[in-house]
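*Asks:* The structure file upload-v3.txt (compact mmCIF, C-alpha atoms) is provided below.
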# COMPACT_ATOMS: atom_id res chain seq x y z
CA MET O 1 222.64 145.23 59.87
CA ARG O 2 220.16 143.22 57.87
CA MET O 3 218.58 144.77 54.81
CA ILE O 4 214.98 145.86 55.30
CA LYS O 5 212.69 143.23 53.78
CA PRO O 6 211.29 145.04 50.72
CA LEU O 7 214.86 145.95 49.72
CA ALA O 8 216.14 142.42 50.36
CA ASP O 9 213.29 140.97 48.27
CA LEU O 10 214.01 143.30 45.38
CA TYR O 11 217.71 142.53 45.61
CA GLU O 12 217.03 138.77 45.50
CA GLN O 13 214.79 139.15 42.44
CA LEU O 14 217.29 141.28 40.58
CA ARG O 15 220.17 138.95 41.40
CA ARG O 16 218.39 136.15 39.55
CA LEU O 17 218.63 138.04 36.27
CA PRO O 18 221.39 136.85 33.93
CA GLY O 19 224.65 138.77 34.19
CA VAL O 20 223.55 140.55 37.35
CA GLY O 21 225.89 139.85 40.27
CA SER O 22 225.31 140.84 43.87
CA LYS O 23 226.90 144.29 43.50
CA THR O 24 224.94 145.17 40.36
CA ALA O 25 221.72 143.86 41.95
CA LEU O 26 222.21 146.14 44.95
CA ARG O 27 223.04 149.09 42.72
CA LEU O 28 219.93 148.47 40.62
CA ALA O 29 217.76 148.08 43.72
CA TYR O 30 218.92 151.41 45.15
CA HIS O 31 218.47 153.03 41.76
CA ILE O 32 214.90 151.78 41.46
CA ILE O 33 213.99 152.92 44.97
CA ASP O 34 215.44 156.32 44.14
CA LYS O 35 213.45 156.66 40.90
CA PRO O 36 210.27 158.76 40.75
CA ASP O 37 207.09 156.71 41.18
CA ASP O 38 205.85 157.21 37.63
CA GLU O 39 209.14 156.04 36.10
CA VAL O 40 208.96 152.80 38.06
CA LYS O 41 205.34 152.39 37.02
CA GLN O 42 206.35 152.86 33.39
CA LEU O 43 209.12 150.26 33.72
CA VAL O 44 206.66 147.80 35.24
CA GLN O 45 204.04 148.44 32.55
CA THR O 46 206.55 148.02 29.74
CA LEU O 47 207.70 144.77 31.31
CA LEU O 48 204.18 143.41 31.58
CA ALA O 49 203.27 144.61 28.10
CA ALA O 50 206.30 142.90 26.58
CA LYS O 51 205.47 139.71 28.41
CA GLN O 52 201.83 139.85 27.33
CA GLN O 53 202.17 140.96 23.73
CA ILE O 54 205.18 139.01 22.59
CA LYS O 55 204.43 135.50 21.40
CA LEU O 56 206.10 133.14 18.98
CA CYS O 57 205.44 133.35 15.25
CA THR O 58 203.38 130.28 14.36
CA VAL O 59 205.53 129.66 11.29
CA CYS O 60 209.17 130.24 12.31
CA TYR O 61 208.89 130.55 16.12
CA ASN O 62 210.71 133.86 16.20
CA LEU O 63 209.41 136.42 18.69
CA SER O 64 206.50 138.35 17.26
CA ASP O 65 203.68 140.65 18.34
CA GLN O 66 201.48 139.16 15.62
CA GLU O 67 200.44 135.63 14.77
CA ILE O 68 202.88 135.58 11.87
CA CYS O 69 206.08 137.62 12.19
CA SER O 70 207.15 140.38 9.82
CA ILE O 71 209.77 138.18 8.17
CA CYS O 72 207.42 135.28 7.47
CA SER O 73 204.79 137.62 6.05
CA ASP O 74 207.30 139.48 3.85
CA LYS O 75 206.55 138.24 0.34
CA THR O 76 209.84 139.64 -1.00
CA ARG O 77 211.83 137.15 1.04
CA ASP O 78 212.68 133.75 -0.44
CA GLU O 79 210.36 131.24 1.21
CA LYS O 80 212.26 128.29 -0.24
CA LEU O 81 215.32 129.15 1.84
CA ILE O 82 215.24 128.56 5.59
CA CYS O 83 217.98 129.46 8.04
CA VAL O 84 217.85 127.45 11.28
CA VAL O 85 219.08 129.29 14.36
CA GLU O 86 219.13 128.54 18.08
CA GLN O 87 217.54 131.68 19.51
CA PRO O 88 215.56 134.78 18.50
CA GLN O 89 218.73 136.78 19.23
CA ASP O 90 220.42 134.94 16.38
CA VAL O 91 217.76 136.12 13.94
CA MET O 92 218.57 139.69 14.95
CA ALA O 93 222.30 139.05 14.42
CA MET O 94 221.69 137.54 10.97
CA GLU O 95 219.45 140.45 10.00
CA ARG O 96 222.09 142.94 11.05
CA SER O 97 224.44 141.44 8.43
CA HIS O 98 221.95 142.40 5.66
CA GLY O 99 223.25 139.38 3.76
CA TYR O 100 220.25 137.08 4.02
CA LYS O 101 216.94 137.34 2.25
CA GLY O 102 215.35 133.99 3.13
CA ARG O 103 213.19 132.91 6.08
CA TYR O 104 214.15 131.57 9.50
CA HIS O 105 213.36 128.76 11.88
CA VAL O 106 214.12 129.30 15.56
CA LEU O 107 214.82 126.11 17.51
CA HIS O 108 214.66 127.74 20.97
CA GLY O 109 217.50 125.61 22.20
CA VAL O 110 220.13 123.18 21.10
CA LEU O 111 220.57 119.44 21.58
CA SER O 112 222.36 118.85 24.87
CA PRO O 113 221.95 115.30 26.24
CA LEU O 114 223.89 116.19 29.40
CA ASP O 115 221.29 118.87 30.23
CA GLY O 116 218.46 116.53 29.25
CA VAL O 117 217.62 118.46 26.08
CA GLY O 118 216.69 116.01 23.32
CA PRO O 119 215.15 116.48 19.84
CA ASP O 120 211.67 116.72 21.37
CA ASN O 121 212.65 119.66 23.58
CA ILE O 122 213.54 122.02 20.74
CA ARG O 123 211.42 123.06 17.76
CA LEU O 124 212.66 120.29 15.44
CA ARG O 125 209.32 118.59 14.97
CA GLU O 126 207.90 121.96 13.91
CA LEU O 127 210.71 122.29 11.36
CA LEU O 128 209.88 118.89 9.90
CA VAL O 129 206.16 119.74 9.65
CA ARG O 130 207.04 123.02 7.98
CA LEU O 131 209.30 121.32 5.43
CA ARG O 132 206.57 118.83 4.66
CA ILE O 133 203.81 121.37 4.02
CA SER O 134 205.89 123.92 2.10
CA GLU O 135 208.35 123.59 -0.71
CA VAL O 136 211.82 124.34 0.61
CA ARG O 137 214.95 124.24 -1.51
CA GLU O 138 217.69 124.70 1.06
CA VAL O 139 218.07 124.71 4.83
CA ILE O 140 221.06 126.66 6.16
CA VAL O 141 222.03 125.48 9.63
CA ALA O 142 223.36 128.46 11.59
CA THR O 143 223.56 127.00 15.09
CA ASN O 144 226.56 128.16 17.14
CA SER O 145 229.91 126.54 16.59
CA ASP O 146 230.26 125.13 20.10
CA VAL O 147 229.93 121.39 20.82
CA GLU O 148 226.15 121.44 21.20
CA GLY O 149 225.63 123.65 18.18
CA GLU O 150 227.79 121.41 15.99
CA ALA O 151 226.08 118.26 17.21
CA THR O 152 222.67 119.81 16.54
CA ALA O 153 223.80 120.80 13.04
CA VAL O 154 224.90 117.22 12.28
CA TYR O 155 221.65 115.87 13.68
CA ILE O 156 219.57 118.22 11.53
CA ALA O 157 221.58 117.33 8.41
CA GLN O 158 220.93 113.62 8.97
CA LEU O 159 217.28 114.27 9.73
CA LEU O 160 216.66 116.25 6.55
CA LYS O 161 218.73 114.19 4.12
CA PRO O 162 215.89 111.67 3.46
CA LEU O 163 213.60 114.58 2.53
CA GLY O 164 215.80 115.49 -0.42
CA ILE O 165 216.41 119.02 0.82
CA GLU O 166 219.85 120.60 0.49
CA VAL O 167 221.28 121.20 3.95
CA THR O 168 224.18 123.65 4.28
CA ARG O 169 226.15 125.01 7.22
CA ILE O 170 227.31 128.63 7.57
CA ALA O 171 231.06 128.97 7.06
CA HIS O 172 233.52 129.07 9.93
CA GLY O 173 236.93 130.63 9.55
CA LEU O 174 238.88 133.75 10.35
CA PRO O 175 236.78 136.75 11.35
CA VAL O 176 236.98 139.49 8.72
CA GLY O 177 239.62 142.04 9.62
CA SER O 178 241.39 139.76 12.07
CA ASP O 179 245.10 138.97 12.26
CA LEU O 180 246.21 135.46 11.31
CA GLU O 181 248.81 135.75 14.04
CA PHE O 182 246.22 135.97 16.80
CA ALA O 183 243.76 133.36 15.54
CA ASP O 184 243.19 130.34 17.78
CA GLU O 185 244.24 126.91 16.47
CA MET O 186 240.70 125.57 16.06
CA THR O 187 239.57 128.50 13.96
CA LEU O 188 242.73 128.41 11.87
CA ALA O 189 242.42 124.66 11.25
CA ARG O 190 238.82 125.16 10.20
CA ALA O 191 239.69 128.10 7.97
CA LEU O 192 242.30 125.95 6.24
CA ALA O 193 240.03 122.94 5.83
CA ASN O 194 237.23 125.07 4.43
CA ARG O 195 239.39 127.07 1.99
CA ILE O 196 237.69 128.03 -1.27
CA ASN O 197 238.88 128.62 -4.83
CA MET O 198 239.77 132.18 -5.74
CA MET U 1 214.97 144.19 10.78
CA ARG U 2 213.44 146.47 13.35
CA MET U 3 212.70 145.08 16.79
CA ILE U 4 209.02 144.46 17.44
CA LYS U 5 207.64 147.32 19.51
CA PRO U 6 207.02 145.65 22.90
CA LEU U 7 210.58 144.29 22.79
CA ALA U 8 212.05 147.62 21.72
CA ASP U 9 210.15 149.37 24.54
CA LEU U 10 211.42 146.90 27.13
CA TYR U 11 214.95 147.21 25.79
CA GLU U 12 214.80 151.02 26.03
CA GLN U 13 213.56 150.87 29.62
CA LEU U 14 216.23 148.40 30.68
CA ARG U 15 218.98 150.35 28.97
CA ARG U 16 218.22 153.32 31.19
CA LEU U 17 219.21 151.36 34.30
CA PRO U 18 222.68 152.13 35.67
CA GLY U 19 225.44 149.81 34.49
CA VAL U 20 223.21 148.26 31.84
CA GLY U 21 224.63 148.70 28.34
CA SER U 22 222.88 147.87 25.09
CA LYS U 23 224.03 144.23 25.05
CA THR U 24 223.01 143.56 28.64
CA ALA U 25 219.68 145.30 28.07
CA LEU U 26 218.93 143.04 25.11
CA ARG U 27 220.00 139.96 27.04
CA LEU U 28 217.79 140.94 29.98
CA ALA U 29 214.85 141.66 27.68
CA TYR U 30 215.08 138.24 26.03
CA HIS U 31 215.47 136.61 29.43
CA ILE U 32 212.35 138.31 30.78
CA ILE U 33 210.29 137.37 27.72
CA ASP U 34 211.47 133.79 28.13
CA LYS U 35 210.55 133.65 31.83
CA PRO U 36 207.33 131.96 32.99
CA ASP U 37 204.45 134.40 33.51
CA ASP U 38 204.30 133.98 37.28
CA GLU U 39 207.99 134.71 37.72
CA VAL U 40 207.65 137.97 35.83
CA LYS U 41 204.59 138.82 37.91
CA GLN U 42 206.58 138.17 41.06
CA LEU U 43 209.42 140.40 39.86
CA VAL U 44 206.96 143.17 39.12
CA GLN U 45 205.20 142.84 42.46
CA THR U 46 208.48 142.88 44.38
CA LEU U 47 209.49 145.97 42.48
CA LEU U 48 206.26 147.79 43.26
CA ALA U 49 206.31 146.64 46.89
CA ALA U 50 209.85 147.91 47.37
CA LYS U 51 208.92 151.22 45.81
CA GLN U 52 205.80 151.53 47.95
CA GLN U 53 207.05 150.31 51.30
CA ILE U 54 210.50 151.83 51.44
CA LYS U 55 210.61 155.38 52.76
CA LEU U 56 213.21 157.50 54.47
CA CYS U 57 213.70 157.29 58.24
CA THR U 58 212.42 160.59 59.65
CA VAL U 59 215.47 160.88 61.90
CA CYS U 60 218.50 159.86 59.82
CA TYR U 61 217.03 159.66 56.29
CA ASN U 62 218.33 156.15 55.75
CA LEU U 63 216.00 153.80 53.82
CA SER U 64 213.46 152.23 56.12
CA ASP U 65 210.19 150.34 56.01
CA GLN U 66 209.13 152.05 59.22
CA GLU U 67 208.83 155.68 60.28
CA ILE U 68 212.03 155.36 62.30
CA CYS U 69 214.70 152.94 61.05
CA SER U 70 216.08 150.04 63.06
CA ILE U 71 219.34 151.86 63.77
CA CYS U 72 217.71 155.03 65.09
CA SER U 73 215.36 153.00 67.28
CA ASP U 74 218.18 150.81 68.66
CA LYS U 75 218.70 152.04 72.23
CA THR U 76 222.04 150.23 72.54
CA ARG U 77 223.60 152.49 69.90
CA ASP U 78 225.29 155.74 70.95
CA GLU U 79 222.92 158.55 70.04
CA LYS U 80 225.54 161.19 70.74
CA LEU U 81 227.67 160.00 67.87
CA ILE U 82 226.52 160.65 64.29
CA CYS U 83 228.24 159.43 61.15
CA VAL U 84 227.37 161.51 58.08
CA VAL U 85 227.36 159.57 54.80
CA GLU U 86 226.36 160.37 51.22
CA GLN U 87 224.02 157.49 50.42
CA PRO U 88 222.07 154.64 52.08
CA GLN U 89 224.56 152.25 50.46
CA ASP U 90 227.28 153.82 52.61
CA VAL U 91 225.37 152.95 55.78
CA MET U 92 225.37 149.32 54.66
CA ALA U 93 229.12 149.45 54.00
CA MET U 94 229.80 150.98 57.44
CA GLU U 95 227.60 148.38 59.13
CA ARG U 96 229.47 145.57 57.37
CA SER U 97 232.67 146.71 59.09
CA HIS U 98 231.06 146.05 62.52
CA GLY U 99 233.25 148.87 63.82
CA TYR U 100 230.64 151.52 64.46
CA LYS U 101 228.03 151.69 67.18
CA GLY U 102 226.68 155.19 66.76
CA ARG U 103 223.88 156.60 64.59
CA TYR U 104 223.91 157.87 61.01
CA HIS U 105 222.80 160.79 58.93
CA VAL U 106 222.30 160.22 55.19
CA LEU U 107 222.78 163.32 53.03
CA HIS U 108 221.37 161.78 49.84
CA GLY U 109 223.94 163.53 47.74
CA VAL U 110 227.04 165.60 47.91
CA LEU U 111 227.80 169.25 47.22
CA SER U 112 228.54 169.66 43.55
CA PRO U 113 228.18 173.23 42.28
CA LEU U 114 228.93 172.15 38.69
CA ASP U 115 225.88 169.85 38.77
CA GLY U 116 223.82 172.50 40.51
CA VAL U 117 223.76 170.66 43.85
CA GLY U 118 224.04 173.16 46.68
CA PRO U 119 223.59 172.87 50.47
CA ASP U 120 219.80 173.08 50.10
CA ASN U 121 219.67 170.07 47.77
CA ILE U 122 221.10 167.57 50.26
CA ARG U 123 219.89 166.78 53.78
CA LEU U 124 222.12 169.31 55.52
CA ARG U 125 219.32 171.43 56.97
CA GLU U 126 217.89 168.27 58.50
CA LEU U 127 221.28 167.54 60.08
CA LEU U 128 221.38 170.99 61.64
CA VAL U 129 217.85 170.63 63.02
CA ARG U 130 218.78 167.24 64.42
CA LEU U 131 221.90 168.59 66.12
CA ARG U 132 219.87 171.43 67.62
CA ILE U 133 217.17 169.24 69.15
CA SER U 134 219.38 166.41 70.40
CA GLU U 135 222.62 166.39 72.32
CA VAL U 136 225.39 165.20 70.00
CA ARG U 137 229.01 164.85 71.05
CA GLU U 138 230.71 164.09 67.76
CA VAL U 139 229.92 164.09 64.07
CA ILE U 140 232.07 161.80 61.93
CA VAL U 141 232.08 162.88 58.29
CA ALA U 142 232.33 159.79 56.10
CA THR U 143 231.65 161.27 52.67
CA ASN U 144 233.68 159.76 49.83
CA SER U 145 237.24 160.93 49.28
CA ASP U 146 236.66 162.33 45.80
CA VAL U 147 236.61 166.08 45.13
CA GLU U 148 232.90 166.54 45.93
CA GLY U 149 233.07 164.36 49.03
CA GLU U 150 236.06 166.25 50.39
CA ALA U 151 234.48 169.63 49.65
CA THR U 152 231.28 168.53 51.39
CA ALA U 153 233.29 167.35 54.40
CA VAL U 154 235.03 170.73 54.69
CA TYR U 155 231.69 172.53 54.32
CA ILE U 156 230.11 170.43 57.08
CA ALA U 157 233.07 171.00 59.39
CA GLN U 158 232.77 174.78 58.99
CA LEU U 159 229.01 174.62 59.39
CA LEU U 160 229.16 172.69 62.67
CA LYS U 161 232.11 174.45 64.29
CA PRO U 162 229.96 177.29 65.74
CA LEU U 163 227.73 174.68 67.41
CA GLY U 164 230.61 173.44 69.56
CA ILE U 165 230.35 169.88 68.27
CA GLU U 166 233.48 167.87 67.55
CA VAL U 167 233.68 167.13 63.82
CA THR U 168 235.99 164.35 62.66
CA ARG U 169 236.76 162.79 59.29
CA ILE U 170 237.29 159.05 58.71
CA ALA U 171 240.95 158.22 58.03
CA HIS U 172 242.35 157.86 54.55
CA GLY U 173 245.49 155.87 53.88
CA LEU U 174 246.69 152.54 52.62
CA PRO U 175 244.03 149.83 52.40
CA VAL U 176 244.67 147.06 54.93
CA GLY U 177 246.59 144.18 53.33
CA SER U 178 247.76 146.29 50.39
CA ASP U 179 251.30 146.60 49.05
CA LEU U 180 253.07 149.93 49.50
CA GLU U 181 254.65 149.35 46.11
CA PHE U 182 251.33 149.49 44.29
CA ALA U 183 249.73 152.38 46.19
CA ASP U 184 248.88 155.47 44.15
CA GLU U 185 250.71 158.73 44.98
CA MET U 186 247.66 160.50 46.41
CA THR U 187 246.89 157.71 48.83
CA LEU U 188 250.52 157.37 49.86
CA ALA U 189 250.89 161.10 50.41
CA ARG U 190 247.76 161.09 52.56
CA ALA U 191 248.92 158.02 54.49
CA LEU U 192 252.19 159.79 55.27
CA ALA U 193 250.56 163.07 56.25
CA ASN U 194 248.08 161.31 58.53
CA ARG U 195 250.63 159.02 60.22
CA ILE U 196 249.90 158.26 63.87
CA ASN U 197 252.03 157.47 66.93
CA MET U 198 252.72 153.80 67.62
Can you turn what I pasted into structure tokens?
*Replies:*
Amino acid sequence: MRMIKPLADLYEQLRRLPGVGSKTALRLAYHIIDKPDDEVKQLVQTLLAAKQQIKLCTVCYNLSDQEICSICSDKTRDEKLICVVEQPQDVMAMERSHGYKGRYHVLHGVLSPLDGVGPDNIRLRELLVRLRISEVREVIVATNSDVEGEATAVYIAQLLKPLGIEVTRIAHGLPVGSDLEFADEMTLARALANRINM
Amino acid sequence: MRMIKPLADLYEQLRRLPGVGSKTALRLAYHIIDKPDDEVKQLVQTLLAAKQQIKLCTVCYNLSDQEICSICSDKTRDEKLICVVEQPQDVMAMERSHGYKGRYHVLHGVLSPLDGVGPDNIRLRELLVRLRISEVREVIVATNSDVEGEATAVYIAQLLKPLGIEVTRIAHGLPVGSDLEFADEMTLARALANRINM
């Protein structure tokens, strides 16, 4: 038995979403068909509204529903301190820690020559422009600690050195509350190398 | 940092979908915002089309894009044999087995007094009407083998007995290819009780 076309179409669309396999896609499709009309309409409207209203902050390139995002327009936050992250999600993660009171810069990607992503494909040029027009004391590079993230961090450090701006990297080491016994070798080696005075 | 409203709205909507937790909802939301406009439009249109075009077959209550579904209008299938299932998904599963050439009846639910689902809340009345107006030899009850499915099966058997129609239940036992060693007690007990002559 072949699926009826409207169902098959919906299934195909849902399967393209990240983290949605064929079983979840089918389950979602049946769920949506089963939903009352007005609930589906609401879902669709929310989706379109999000797509329409959310743009990138013209300063830091974080997601925003205004020209300048709430962080960039918050005068209480240190504008001389910029934390560079890969994605808008990372801003949210940083904010959840409540440990940072500076501004952000969202690259929207990471250098990855194998995938054809070079310095021009992420918001690096915008970072340089920003550093030139405003007085920044320190740039904290908080890209992920995978190969691409590390390479991007090194690239940014070299790029900013001539500008006389302090470039720092967030610390890597043992997660708080974790057992030494179960730490992987890479993390442990890094935790040792980056030990600090007590 | 609070999420900007259009993002928070989208996240809330996505989180209501089955099997979508808070992390997946956030991931999906960011993915959708990142998608090109026309792809989001296509997703939305497919969603609305599915919702609009898919109705229930007026004979068996399976999902259909026509008044009578492709199975009910297939003259090569035995119309005197009806397999009763809980959901449209179950029809798909049965069809995948290629072992059944009769018709179906989709209950769209299962008796569950604790959830307030009684005989009038599932398509049982429609089954009775159908059995009255057409000549049916056998009804195979293929509800799930959980408590509600079993109770519904027993209820249907008692309901149809006075009509002089043979009511059967699909077999439960060891899954094909499985190890006896790892079978749970309930399945093993059932497999023993339902043993057949070789």
*Asks:* If you measure from CA of Asp179 (chain U) to CA of Met92 (chain U), what distance in Å do you get, rounded to one decimal?
*Replies:*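 Interatomic distance, CA of Asp179 (chain U) to CA of Met92 (chain U): 26.7 Å.
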*Asks:* Please measure the separation of CA of Arg16 (chain O) and CA of Leu43 (chain U), giving the value in Å to one decimal.
*Replies:* 9.9 Å
*Asks:* Kindly give the distance, in Å, that separates CA of Pro119 (chain U) and CA of Arg27 (chain O), rounded to a single decimal.
*Replies:*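 Atom-to-atom, CA of Pro119 (chain U) to CA of Arg27 (chain O), that is 25.0 Å.
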*Asks:* Hey, what's within 9 Å of His172 (chain O) if we count all atoms listed in the file and toss same-chain stuff fewer than 4 positions away? As a PyMOL selection string, please?
*Replies:* chain O and resi 145+187+190-191+194
*Asks:* Taking all atoms listed in the file into account, produce a table as CSV in which each residue of chain O with an atom at most 9 Å from an atom of chain U appears once, together with its shortest atom pair and the distance in Å to one decimal, ordered by chain and rising number.
*Replies:*
residue,atom,partner,partner_atom,distance
O:Met1,CA,U:Glu95,CA,5.9
O:Arg2,CA,U:Met92,CA,8.6
O:Met3,CA,U:Met92,CA,8.2
O:Ile4,CA,U:Asp65,CA,6.6
O:Lys5,CA,U:Asp65,CA,7.9
O:Pro6,CA,U:Ala50,CA,4.6
O:Leu7,CA,U:Ala50,CA,5.9
O:Ala8,CA,U:Ala50,CA,8.9
O:Asp9,CA,U:Thr46,CA,6.5
O:Leu10,CA,U:Thr46,CA,5.6
O:Gln13,CA,U:Leu43,CA,6.1
O:Leu14,CA,U:Leu43,CA,8.0
O:Leu17,CA,U:Leu28,CA,7.0
O:Pro18,CA,U:Leu28,CA,6.7
O:Gly19,CA,U:Thr24,CA,7.5
O:Thr24,CA,U:Gly19,CA,7.5
O:Leu26,CA,U:Gln89,CA,8.6
O:Arg27,CA,U:Pro18,CA,7.7
O:Leu28,CA,U:Pro18,CA,6.7
O:Ala29,CA,U:Leu47,CA,8.6
O:Tyr30,CA,U:Gln89,CA,7.8
O:His31,CA,U:Pro18,CA,7.5
O:Ile32,CA,U:Lys51,CA,7.4
O:Ile33,CA,U:Lys51,CA,5.4
O:Asp34,CA,U:Lys51,CA,8.4
O:Lys35,CA,U:Lys51,CA,8.6
O:Asp37,CA,U:Lys51,CA,7.4
O:Val40,CA,U:Leu48,CA,7.7
O:Lys41,CA,U:Leu48,CA,7.8
O:Gln42,CA,U:Gln13,CA,8.4
O:Leu43,CA,U:Gln13,CA,6.1
O:Val44,CA,U:Val44,CA,6.0
O:Gln45,CA,U:Val44,CA,8.9
O:Thr46,CA,U:Leu10,CA,5.6
O:Leu47,CA,U:Leu10,CA,6.0
O:Leu48,CA,U:Val40,CA,7.7
O:Ala49,CA,U:Pro6,CA,6.5
O:Ala50,CA,U:Pro6,CA,4.7
O:Lys51,CA,U:Ile33,CA,5.4
O:Gln52,CA,U:Asp37,CA,8.6
O:Gln53,CA,U:Pro6,CA,6.8
O:Ile54,CA,U:Pro6,CA,6.9
O:Lys55,CA,U:Ile33,CA,8.8
O:Leu63,CA,U:Ile4,CA,8.1
O:Ser64,CA,U:Ile4,CA,6.6
O:Asp65,CA,U:Ile4,CA,6.6
O:Ser70,CA,U:Met1,CA,8.8
O:Ile71,CA,U:Met1,CA,8.4
O:Pro88,CA,U:Tyr30,CA,8.3
O:Gln89,CA,U:Tyr30,CA,7.9
O:Met92,CA,U:Met1,CA,7.1
O:Glu95,CA,U:Met1,CA,5.9
O:Arg96,CA,U:Met1,CA,7.2
O:His98,CA,U:Met1,CA,8.8
*Asks:* For Val85 (chain O), find every residue with an atom within 10 Å (counting only C-alpha atoms), except residues of its own chain fewer than 6 positions away, and show them as an mmCIF file with C-alpha atoms, in the frame of the given file.
*Replies:*
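Okay, this is what ended up in out05.cif:
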data_model
loop_
_atom_site.group_PDB
_atom_site.id
_atom_site.type_symbol
_atom_site.label_atom_id
_atom_site.label_comp_id
_atom_site.auth_asym_id
_atom_site.auth_seq_id
_atom_site.Cartn_x
_atom_site.Cartn_y
_atom_site.Cartn_z
ATOM 1 C CA ASN O 62 210.710 133.860 16.200
ATOM 2 C CA VAL O 91 217.760 136.120 13.940
ATOM 3 C CA MET O 94 221.690 137.540 10.970
ATOM 4 C CA TYR O 104 214.150 131.570 9.500
ATOM 5 C CA HIS O 105 213.360 128.760 11.880
ATOM 6 C CA VAL O 106 214.120 129.300 15.560
ATOM 7 C CA LEU O 107 214.820 126.110 17.510
ATOM 8 C CA HIS O 108 214.660 127.740 20.970
ATOM 9 C CA GLY O 109 217.500 125.610 22.200
ATOM 10 C CA VAL O 110 220.130 123.180 21.100
ATOM 11 C CA ILE O 140 221.060 126.660 6.160
ATOM 12 C CA VAL O 141 222.030 125.480 9.630
ATOM 13 C CA ALA O 142 223.360 128.460 11.590
ATOM 14 C CA THR O 143 223.560 127.000 15.090
ATOM 15 C CA ASN O 144 226.560 128.160 17.140
ATOM 16 C CA GLY O 149 225.630 123.650 18.180
ATOM 17 C CA ALA O 153 223.800 120.800 13.040
#
*Asks:* How big is the axis-aligned box, and where does its centre sit, when it encloses all atoms of region 53-61 of chain O listed in the file and has 3 Å added on every side, reported in Å to one decimal as JSON?
*Replies:*
{"center_x": 205.7, "center_y": 135.3, "center_z": 17.5, "size_x": 13.0, "size_y": 17.3, "size_z": 18.4}
*Asks:* Could you check the closest approach to Lys80 (chain U) for each of U:Ile68, U:Leu128, U:Arg15, U:Glu166 and tell me which residue wins, using all atoms listed in the file?
*Replies:*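 Smallest distance to Lys80 (chain U) is found for U:Glu166.
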*Asks:* Counting all atoms listed in the file, which of O:Ala157, O:Val147, O:Val84, O:Val167 gets nearest to Leu114 (chain O)?
*Replies:* O:Val147
*Asks:* Can you rebuild region 162-172 of chain O with N, CA, C and O atoms and give it as a compact mmCIF listing (two decimals), keeping the file's coordinate frame?
*Replies:*
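Final output, saved to rebuild-v4.txt:
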# COMPACT_ATOMS: atom_id res chain seq x y z
N PRO O 162 216.90 112.50 4.14
CA PRO O 162 215.89 111.67 3.46
C PRO O 162 214.81 112.48 2.75
O PRO O 162 214.13 111.98 1.86
N LEU O 163 214.65 113.76 3.13
CA LEU O 163 213.60 114.58 2.53
C LEU O 163 214.04 115.17 1.20
O LEU O 163 213.26 115.85 0.52
N GLY O 164 215.31 114.97 0.85
CA GLY O 164 215.80 115.49 -0.42
C GLY O 164 215.99 116.99 -0.43
O GLY O 164 215.93 117.64 -1.47
N ILE O 165 216.20 117.57 0.74
CA ILE O 165 216.41 119.02 0.82
C ILE O 165 217.92 119.28 1.00
O ILE O 165 218.58 118.57 1.76
N GLU O 166 218.44 120.26 0.33
CA GLU O 166 219.85 120.60 0.49
C GLU O 166 220.06 121.21 1.87
O GLU O 166 219.37 122.17 2.24
N VAL O 167 220.99 120.65 2.62
CA VAL O 167 221.28 121.20 3.95
C VAL O 167 222.70 121.76 3.94
O VAL O 167 223.65 121.05 3.59
N THR O 168 222.84 123.04 4.27
CA THR O 168 224.18 123.65 4.28
C THR O 168 224.47 124.19 5.67
O THR O 168 223.57 124.34 6.51
N ARG O 169 225.75 124.46 5.92
CA ARG O 169 226.15 125.01 7.22
C ARG O 169 226.84 126.34 6.95
O ARG O 169 227.61 126.45 5.98
N ILE O 170 226.60 127.36 7.77
CA ILE O 170 227.31 128.63 7.57
C ILE O 170 228.80 128.37 7.75
O ILE O 170 229.22 127.49 8.51
N ALA O 171 229.62 129.18 7.05
CA ALA O 171 231.06 128.97 7.06
C ALA O 171 231.68 129.40 8.38
O ALA O 171 231.24 130.35 9.02
N HIS O 172 232.72 128.67 8.78
CA HIS O 172 233.52 129.07 9.93
C HIS O 172 234.94 129.29 9.47
O HIS O 172 235.45 128.54 8.67
